$ cat query_34.csv   # CSV, C-alpha atoms and all ligand atoms
chain,number,residue,atom,x,y,z
I,1,MET,CA,120.3,103.5,104.5
I,2,LYS,CA,118.5,104.6,101.3
I,3,ASN,CA,115.6,102.7,99.7
I,4,LEU,CA,115.7,102.7,95.9
I,5,ASN,CA,112.4,100.9,95.5
I,6,PRO,CA,109.8,102.8,93.5
I,7,ILE,CA,106.9,104.9,94.9
I,8,GLY,CA,103.6,103.2,93.8
I,9,ILE,CA,101.0,105.7,92.4
I,10,PHE,CA,97.5,104.6,91.7
I,11,ASP,CA,94.6,106.3,89.9
I,12,SER,CA,91.4,105.2,88.2
I,13,GLY,CA,93.0,106.3,85.0
I,14,LEU,CA,95.2,109.1,83.8
I,15,GLY,CA,94.2,111.9,86.1
I,16,GLY,CA,96.7,110.7,88.8
I,17,LEU,CA,99.5,111.7,86.4
I,18,THR,CA,98.9,115.3,87.6
I,19,VAL,CA,100.0,114.0,91.0
I,20,ALA,CA,102.9,112.0,89.5
I,21,LYS,CA,104.1,115.2,87.8
I,22,GLN,CA,104.3,117.0,91.2
I,23,ILE,CA,106.0,114.0,92.8
I,24,GLN,CA,108.6,113.9,90.1
I,25,LYS,CA,109.2,117.6,90.6
I,26,ARG,CA,109.4,117.5,94.4
I,27,LEU,CA,111.3,114.1,94.7
I,28,PRO,CA,113.4,113.8,91.5
I,29,LYS,CA,115.5,111.0,93.0
I,30,GLU,CA,112.5,108.7,93.5
I,31,SER,CA,111.5,106.1,90.9
I,32,ILE,CA,107.8,105.8,90.2
I,33,ILE,CA,105.6,102.9,89.3
I,34,TYR,CA,102.2,104.2,88.1
I,35,TYR,CA,99.0,102.1,87.8
I,36,GLY,CA,96.1,103.6,85.9
I,37,ASP,CA,93.0,101.5,85.8
I,38,THR,CA,92.1,102.8,82.4
I,39,ALA,CA,89.9,99.7,81.6
I,40,ARG,CA,87.5,100.6,84.5
I,41,VAL,CA,87.6,104.4,84.7
I,42,PRO,CA,85.6,106.3,85.8
I,43,TYR,CA,85.3,105.4,89.5
I,44,GLY,CA,83.4,108.6,90.3
I,45,SER,CA,80.1,107.1,89.4
I,46,LYS,CA,80.6,103.6,91.0
I,47,SER,CA,79.6,102.2,94.3
I,48,LYS,CA,81.8,102.2,97.5
I,49,ASP,CA,82.2,98.4,97.4
I,50,THR,CA,83.4,98.4,93.8
I,51,ILE,CA,85.9,101.3,94.5
I,52,ILE,CA,87.2,99.4,97.5
I,53,LYS,CA,87.6,96.2,95.5
I,54,PHE,CA,89.5,98.0,92.6
I,55,THR,CA,91.7,99.8,95.1
I,56,ARG,CA,92.7,96.5,96.8
I,57,GLU,CA,93.7,95.1,93.4
I,58,ALA,CA,95.7,98.2,92.5
I,59,VAL,CA,97.6,98.1,95.9
I,60,SER,CA,98.3,94.4,95.5
I,61,PHE,CA,99.7,95.0,92.0
I,62,LEU,CA,102.0,97.8,93.1
I,63,LYS,CA,103.1,95.9,96.1
I,64,SER,CA,104.0,92.8,94.0
I,65,HIS,CA,106.1,95.2,91.9
I,66,ASN,CA,108.1,96.2,94.9
I,67,ALA,CA,106.6,99.6,95.7
I,68,LYS,CA,107.9,100.9,99.0
I,69,CYS,CA,104.8,103.0,99.6
I,70,ILE,CA,101.5,103.8,97.9
I,71,VAL,CA,100.1,107.2,96.8
I,72,VAL,CA,96.4,106.9,96.1
I,73,ALA,CA,96.4,109.7,93.5
I,74,CYS,CA,92.6,109.5,93.0
I,75,ASN,CA,90.3,111.6,95.1
I,76,THR,CA,87.4,109.1,94.7
I,77,ALA,CA,89.5,106.1,95.9
I,78,SER,CA,91.1,108.2,98.6
I,79,ALA,CA,87.7,109.3,99.9
I,80,LEU,CA,85.9,105.9,99.8
I,81,ALA,CA,88.5,103.2,99.9
I,82,LEU,CA,91.7,104.4,101.5
I,83,PRO,CA,90.3,104.5,105.1
I,84,ILE,CA,89.5,100.8,104.8
I,85,VAL,CA,92.3,99.5,102.5
I,86,LYS,CA,95.1,101.1,104.4
I,87,ASN,CA,94.5,98.8,107.4
I,88,GLU,CA,94.7,95.7,105.2
I,89,PHE,CA,98.3,96.1,103.8
I,90,ASP,CA,101.6,96.5,105.7
I,91,ILE,CA,102.8,99.3,103.4
I,92,PRO,CA,102.7,103.1,104.1
I,93,MET,CA,99.8,104.7,102.1
I,94,ILE,CA,98.7,108.2,101.6
I,95,GLY,CA,95.9,109.8,99.6
I,96,VAL,CA,95.0,113.2,98.3
I,97,ILE,CA,92.1,114.2,100.5
I,98,ASN,CA,93.9,115.2,103.7
I,99,PRO,CA,96.7,117.2,101.9
I,100,GLY,CA,94.0,119.1,100.0
I,101,ALA,CA,91.9,119.7,103.1
I,102,LYS,CA,95.0,121.0,105.0
I,103,ALA,CA,96.0,123.4,102.2
I,104,ALA,CA,92.4,124.7,101.9
I,105,ALA,CA,92.0,125.3,105.7
I,106,LYS,CA,95.3,127.2,105.7
I,107,LYS,CA,94.5,129.3,102.6
I,108,THR,CA,91.0,130.5,103.4
I,109,SER,CA,90.6,133.9,105.1
I,110,SER,CA,86.8,134.2,104.7
I,111,GLY,CA,86.2,130.7,106.1
I,112,LYS,CA,84.2,129.8,103.0
I,113,VAL,CA,85.7,127.0,101.1
I,114,GLY,CA,84.3,125.4,97.9
I,115,VAL,CA,85.0,121.7,97.0
I,116,ILE,CA,84.4,120.4,93.5
I,117,ALA,CA,84.8,116.7,92.8
I,118,THR,CA,83.2,113.6,91.4
I,119,THR,CA,79.7,112.6,92.6
I,120,ALA,CA,81.1,109.7,94.7
I,121,THR,CA,83.7,112.0,96.4
I,122,ILE,CA,81.2,114.7,97.2
I,123,ASN,CA,78.6,112.1,98.5
I,124,SER,CA,81.3,110.6,100.8
I,125,ASP,CA,81.7,114.0,102.6
I,126,ALA,CA,85.4,113.2,102.9
I,127,TYR,CA,86.6,116.7,102.1
I,128,THR,CA,83.9,118.4,104.3
I,129,ASN,CA,84.8,116.2,107.3
I,130,ALA,CA,88.6,116.6,106.8
I,131,ILE,CA,88.4,120.4,106.5
I,132,ARG,CA,86.1,120.7,109.5
I,133,ASP,CA,88.3,118.4,111.5
I,134,ILE,CA,91.0,121.0,111.1
I,135,ASN,CA,88.8,124.0,111.6
I,136,ASN,CA,85.1,123.6,112.5
I,137,LYS,CA,84.4,127.3,111.8
I,138,ILE,CA,84.9,126.8,108.1
I,139,THR,CA,81.8,126.5,105.9
I,140,VAL,CA,82.3,124.0,103.1
I,141,TYR,CA,80.2,124.4,99.9
I,142,SER,CA,80.4,121.1,97.9
I,143,GLN,CA,79.5,120.7,94.2
I,144,PRO,CA,79.7,117.5,92.2
I,145,CYS,CA,81.0,118.2,88.6
I,146,PRO,CA,80.6,114.8,86.8
I,147,LEU,CA,80.9,116.3,83.3
I,148,PHE,CA,84.4,117.8,83.9
I,149,VAL,CA,86.2,114.4,83.5
I,150,PRO,CA,84.8,113.7,80.0
I,151,LEU,CA,85.5,117.4,79.0
I,152,VAL,CA,89.1,117.0,80.0
I,153,GLU,CA,89.5,113.6,78.4
I,154,GLU,CA,88.1,115.0,75.1
I,155,GLY,CA,90.5,117.9,75.3
I,156,TRP,CA,87.5,120.3,75.3
I,157,GLY,CA,88.7,122.7,78.0
I,158,ASP,CA,88.8,125.7,75.7
I,159,LYS,CA,85.5,125.0,73.9
I,160,PRO,CA,82.4,127.2,74.6
I,161,ALA,CA,80.6,124.1,75.9
I,162,SER,CA,83.1,123.9,78.8
I,163,GLU,CA,82.4,127.6,79.7
I,164,LEU,CA,78.7,126.9,79.9
I,165,ILE,CA,79.2,123.7,82.0
I,166,ILE,CA,81.7,125.5,84.3
I,167,LYS,CA,79.1,128.3,84.8
I,168,GLU,CA,76.3,125.9,85.5
I,169,TYR,CA,78.3,124.0,88.2
I,170,LEU,CA,80.3,126.9,89.8
I,171,SER,CA,77.6,129.6,89.9
I,172,PRO,CA,76.4,128.5,93.4
I,173,LEU,CA,80.0,128.6,94.7
I,174,LYS,CA,80.5,132.1,93.2
I,175,THR,CA,77.2,133.3,94.8
I,176,ALA,CA,78.4,131.8,98.1
I,177,LYS,CA,81.6,133.9,97.7
I,178,VAL,CA,84.0,131.1,98.5
I,179,ASP,CA,87.6,132.5,98.6
I,180,THR,CA,89.2,129.0,98.2
I,181,LEU,CA,88.2,126.3,95.9
I,182,VAL,CA,89.5,122.7,96.2
I,183,LEU,CA,90.0,120.9,92.8
I,184,GLY,CA,89.0,117.6,94.4
I,185,CYS,CA,89.5,115.5,91.3
I,186,THR,CA,92.8,114.7,89.6
I,187,HIS,CA,91.5,115.8,86.2
I,188,TYR,CA,90.4,119.2,87.3
I,189,PRO,CA,93.9,120.9,87.3
I,190,LEU,CA,93.6,120.8,83.5
I,191,LEU,CA,90.6,123.1,83.7
I,192,ALA,CA,92.2,125.4,86.3
I,193,LYS,CA,92.6,128.3,83.8
I,194,GLN,CA,89.0,128.2,82.8
I,195,ILE,CA,87.7,127.8,86.4
I,196,GLU,CA,89.9,130.7,87.5
I,197,LYS,CA,88.5,132.9,84.7
I,198,PHE,CA,84.9,132.1,85.7
I,199,MET,CA,85.6,132.8,89.4
I,200,THR,CA,87.1,136.1,88.2
I,201,GLY,CA,90.4,135.7,90.0
I,202,ASN,CA,88.8,136.2,93.5
I,203,VAL,CA,89.5,132.7,94.5
I,204,SER,CA,92.6,130.6,95.4
I,205,LEU,CA,92.6,127.2,93.7
I,206,VAL,CA,93.9,124.3,95.8
I,207,ASP,CA,95.3,121.4,93.8
I,208,SER,CA,96.1,118.6,96.3
I,209,ALA,CA,98.9,117.3,94.0
I,210,THR,CA,101.4,119.8,95.4
I,211,THR,CA,100.5,119.3,99.1
I,212,CYS,CA,100.4,115.6,98.6
I,213,SER,CA,104.0,115.5,97.3
I,214,ASN,CA,105.1,117.5,100.4
I,215,ASP,CA,103.3,115.1,102.7
I,216,LEU,CA,104.9,112.2,100.8
I,217,ASN,CA,108.3,113.7,101.3
I,218,ALA,CA,107.6,113.9,105.1
I,219,LEU,CA,106.3,110.3,105.1
I,220,LEU,CA,109.4,108.9,103.3
I,221,GLU,CA,111.6,110.8,105.7
I,222,GLU,CA,109.8,109.5,108.7
I,223,LYS,CA,109.9,105.9,107.5
I,224,LYS,CA,113.5,106.2,106.3
I,225,LEU,CA,112.4,105.3,102.8
I,226,LEU,CA,114.0,108.2,100.8
I,227,SER,CA,116.1,107.3,97.8
I,228,ASP,CA,119.3,109.0,96.5
I,229,ASN,CA,119.1,107.6,93.0
I,230,THR,CA,120.3,110.1,90.5
I,231,ASN,CA,119.0,107.7,87.7
I,232,ALA,CA,115.4,107.5,89.0
I,233,ASN,CA,112.9,106.2,86.4
I,234,SER,CA,109.2,106.0,85.9
I,235,THR,CA,107.2,103.1,84.6
I,236,PHE,CA,103.5,103.4,83.7
I,237,PHE,CA,101.1,100.5,83.8
I,238,VAL,CA,97.5,100.7,82.5
I,239,THR,CA,94.8,98.1,82.5
I,240,ASP,CA,93.8,99.0,78.9
I,241,MET,CA,95.7,100.9,76.3
I,242,ALA,CA,93.1,103.1,74.7
I,243,ALA,CA,93.6,105.0,71.6
I,244,ARG,CA,95.0,108.5,72.3
I,245,PHE,CA,96.5,107.2,75.6
I,246,SER,CA,100.0,108.6,75.0
I,247,GLU,CA,98.6,111.9,73.8
I,248,LEU,CA,96.3,112.4,76.7
I,249,GLY,CA,98.8,111.0,79.2
I,250,ALA,CA,101.4,113.5,78.1
I,251,LYS,CA,98.9,116.3,78.7
I,252,PHE,CA,98.5,115.2,82.3
I,253,LEU,CA,102.1,114.5,83.0
I,254,GLY,CA,103.4,117.6,81.1
I,255,LYS,CA,105.9,115.5,79.1
I,256,PRO,CA,105.8,112.4,76.9
I,257,LEU,CA,105.2,109.1,78.7
I,258,ASN,CA,107.7,106.4,78.0
I,259,ALA,CA,107.7,102.8,79.1
I,260,ILE,CA,103.9,102.3,79.1
I,261,LYS,CA,102.9,98.7,79.7
I,262,VAL,CA,99.5,97.0,79.8
I,263,VAL,CA,98.9,95.0,82.9
I,264,GLY,CA,99.1,91.3,82.1
I,265,ASN,CA,101.4,91.9,79.1
I,266,GLU,CA,104.5,92.9,81.1
I,301,LIG,N1,90.7,110.2,89.3
I,301,LIG,C1,89.3,110.4,89.7
I,301,LIG,C2,89.3,111.4,90.9
I,301,LIG,O1,90.3,112.0,91.3
I,301,LIG,C3,88.5,111.0,88.6
I,301,LIG,C4,88.1,110.1,87.6
I,301,LIG,C5,87.1,109.0,88.0
I,301,LIG,O2,85.9,109.3,88.2
I,301,LIG,O3,87.6,107.9,88.1
I,301,LIG,O4,88.3,111.4,91.6
$ encode --input "query_34.csv" --output "structure tokens"
Amino acid sequence: MKNLNPIGIFDSGLGGLTVAKQIQKRLPKESIIYYGDTARVPYGSKSKDTIIKFTREAVSFLKSHNAKCIVVACNTASALALPIVKNEFDIPMIGVINPGAKAAAKKTSSGKVGVIATTATINSDAYTNAIRDINNKITVYSQPCPLFVPLVEEGWGDKPASELIIKEYLSPLKTAKVDTLVLGCTHYPLLAKQIEKFMTGNVSLVDSATTCSNDLNALLEEKKLLSDNTNANSTFFVTDMAARFSELGAKFLGKPLNAIKVVGNE
């Protein structure tokens, strides 16, 4: 028996499209329904209670649109809300923290791992705990990088200002000689080139989108939820259609977004 219902993907905004991109690549026969809370982004500077409330609303929305499982494609929501919200709904849910932690623990040979993320994700210690649960000999160096999200959203990755900000944030991790660096925010893959350049190629970057899509495949297999639809489609819902949405979204997804709807106007 195959299940043709869509995979529900949720992010605070557009960043989760980097995860949607990997899922489309890994699971081309799966339809996707994406919910980006563009009216309330960023989550990274908000309180735990607020992030939990917004995550509950997103999961309810995706469930009511027949999602067969939920991918919390936002590190901040995965870190702060997923452990609580996943017990409140009878639908399989996965986030991006555990897949990223697993990949980092596997990759490091020096046992020194850096994690960069939003302030809320770093303060939650979710990555540190997840990595050290796998291997408690690993030392985790965490660094909040709150200015990276606006830099990406402005398309400023290649500007000299980005170079300075990357240097400011990442110098302590370079000094610590981390050999693996977790991009613990869905926006950061768009700065990967610049981050790699600053770290001078001596570091492996971990983007949890790839490992998350592998874990999602295993979850769908285990729950017997895989689809065999050769006409799979993707629908994108946002809570506010800001100017430049399509342009920015296409950058994250790596191709144009069609079928974008504003929640409430479906
Ligand atoms: N998508 C969020 C994350 O991965 C970053 C943007 C935000 O602060 O909401 O943490």
$ closest_residue --input "query_34.csv" --among "I:Ser124, I:Ser162, I:Thr175, I:Thr108" --to "ligand LIG 301 (chain I)" --atoms "all atoms listed in the file"
I:Ser124
$ closest_residue --input "query_34.csv" --among "I:Ser12, I:Asn5, I:Asn231, I:Ser213" --to "ligand LIG 301 (chain I)" --atoms "only C-alpha atoms and all ligand atoms"
I:Ser12
$ residues_near_ligand --input "query_34.csv" --ligand "ligand LIG 301 (chain I)" --cutoff "9 Å" --atoms "only C-alpha atoms and all ligand atoms" --output "PyMOL selection string"
chain I and resi 11-16+37-38+40-46+73-79+96+117-121+146+149+184-188
$ residues_around --input "query_34.csv" --residues "Pro172 of chain I" --least-positions-apart "6" --cutoff "12 Å" --atoms "only C-alpha atoms" --output "PDB file with C-alpha atoms, in the frame of the given file"
ATOM      1  CA  GLY I 114      84.300 125.400  97.900  1.00  0.00           C
ATOM      2  CA  VAL I 115      85.000 121.700  97.000  1.00  0.00           C
ATOM      3  CA  ILE I 116      84.400 120.400  93.500  1.00  0.00           C
ATOM      4  CA  TYR I 141      80.200 124.400  99.900  1.00  0.00           C
ATOM      5  CA  SER I 142      80.400 121.100  97.900  1.00  0.00           C
ATOM      6  CA  GLN I 143      79.500 120.700  94.200  1.00  0.00           C
ATOM      7  CA  PRO I 144      79.700 117.500  92.200  1.00  0.00           C
ATOM      8  CA  ILE I 166      81.700 125.500  84.300  1.00  0.00           C
ATOM      9  CA  VAL I 178      84.000 131.100  98.500  1.00  0.00           C
ATOM     10  CA  MET I 199      85.600 132.800  89.400  1.00  0.00           C
TER      11      MET I 199
END
$ closest_atom_pairs --input "query_34.csv" --of "segment 27-68 of chain I" --to "segment 233-236 of chain I" --cutoff "10 Å" --atoms "all atoms listed in the file" --output "Markdown table"
| residue | atom | partner | partner_atom | distance |
| --- | --- | --- | --- | --- |
| I:Pro28 | CA | I:Asn233 | CA | 9.2 |
| I:Lys29 | CA | I:Asn233 | CA | 8.6 |
| I:Glu30 | CA | I:Asn233 | CA | 7.5 |
| I:Ser31 | CA | I:Asn233 | CA | 4.7 |
| I:Ile32 | CA | I:Ser234 | CA | 4.5 |
| I:Ile33 | CA | I:Thr235 | CA | 5.0 |
| I:Tyr34 | CA | I:Phe236 | CA | 4.7 |
| I:Tyr35 | CA | I:Phe236 | CA | 6.2 |
| I:Gly36 | CA | I:Phe236 | CA | 7.7 |
$ atom_distance --input "query_34.csv" --atom1 "atom CA of Lys177 of chain I" --atom2 "atom CA of Lys107 of chain I"
14.5 Å
$ atom_distance --input "query_34.csv" --atom1 "atom CA of Ser204 of chain I" --atom2 "atom CA of Leu17 of chain I"
22.0 Å
$ atom_distance --input "query_34.csv" --atom1 "atom CA of Ile70 of chain I" --atom2 "atom CA of Arg56 of chain I"
11.5 Å
$ closest_residue --input "query_34.csv" --among "I:Glu196, I:Glu168, I:Glu153, I:Asp207" --to "Phe252 of chain I" --atoms "all atoms listed in the file"
I:Glu153
$ residues_around --input "query_34.csv" --residues "Arg244 of chain I" --least-positions-apart "4" --cutoff "12 Å" --atoms "only C-alpha atoms" --output "PyMOL selection string"
chain I and resi 14+38+153-155+240+248-251
$ closest_residue --input "query_34.csv" --among "I:Lys53, I:Lys48, I:Lys63, I:Lys102" --to "Asn214 of chain I" --atoms "all atoms listed in the file"
I:Lys102
$ residues_around --input "query_34.csv" --residues "Met241 of chain I" --least-positions-apart "2" --cutoff "9 Å" --atoms "all atoms listed in the file" --output "PDB file with C-alpha atoms, keeping the file's coordinate frame"
ATOM      1  CA  THR I  38      92.100 102.800  82.400  1.00  0.00           C
ATOM      2  CA  ALA I  39      89.900  99.700  81.600  1.00  0.00           C
ATOM      3  CA  VAL I 238      97.500 100.700  82.500  1.00  0.00           C
ATOM      4  CA  THR I 239      94.800  98.100  82.500  1.00  0.00           C
ATOM      5  CA  ALA I 243      93.600 105.000  71.600  1.00  0.00           C
ATOM      6  CA  ARG I 244      95.000 108.500  72.300  1.00  0.00           C
ATOM      7  CA  PHE I 245      96.500 107.200  75.600  1.00  0.00           C
ATOM      8  CA  SER I 246     100.000 108.600  75.000  1.00  0.00           C
ATOM      9  CA  ILE I 260     103.900 102.300  79.100  1.00  0.00           C
ATOM     10  CA  LYS I 261     102.900  98.700  79.700  1.00  0.00           C
ATOM     11  CA  VAL I 262      99.500  97.000  79.800  1.00  0.00           C
TER      12      VAL I 262
END
$ closest_residue --input "query_34.csv" --among "I:Leu226, I:Lys2, I:Phe148, I:Phe237" --to "Ala259 of chain I" --atoms "only C-alpha atoms"
I:Phe237
$ residues_around --input "query_34.csv" --residues "Asn217 of chain I" --least-positions-apart "2" --cutoff "9 Å" --atoms "only C-alpha atoms" --output "list in words"
Ile23, Arg26, Leu27, Cys212, Ser213, Asn214, Asp215, Leu219, Leu220, Glu221, Glu222 and Leu226 of chain I
$ write_last_selection --input "query_34.csv" --atoms "C-alpha atoms" --output "tab-separated table (two decimals), in the frame of the given file"
chain	number	residue	atom	x	y	z
I	23	ILE	CA	106.00	114.00	92.80
I	26	ARG	CA	109.40	117.50	94.40
I	27	LEU	CA	111.30	114.10	94.70
I	212	CYS	CA	100.40	115.60	98.60
I	213	SER	CA	104.00	115.50	97.30
I	214	ASN	CA	105.10	117.50	100.40
I	215	ASP	CA	103.30	115.10	102.70
I	219	LEU	CA	106.30	110.30	105.10
I	220	LEU	CA	109.40	108.90	103.30
I	221	GLU	CA	111.60	110.80	105.70
I	222	GLU	CA	109.80	109.50	108.70
I	226	LEU	CA	114.00	108.20	100.80
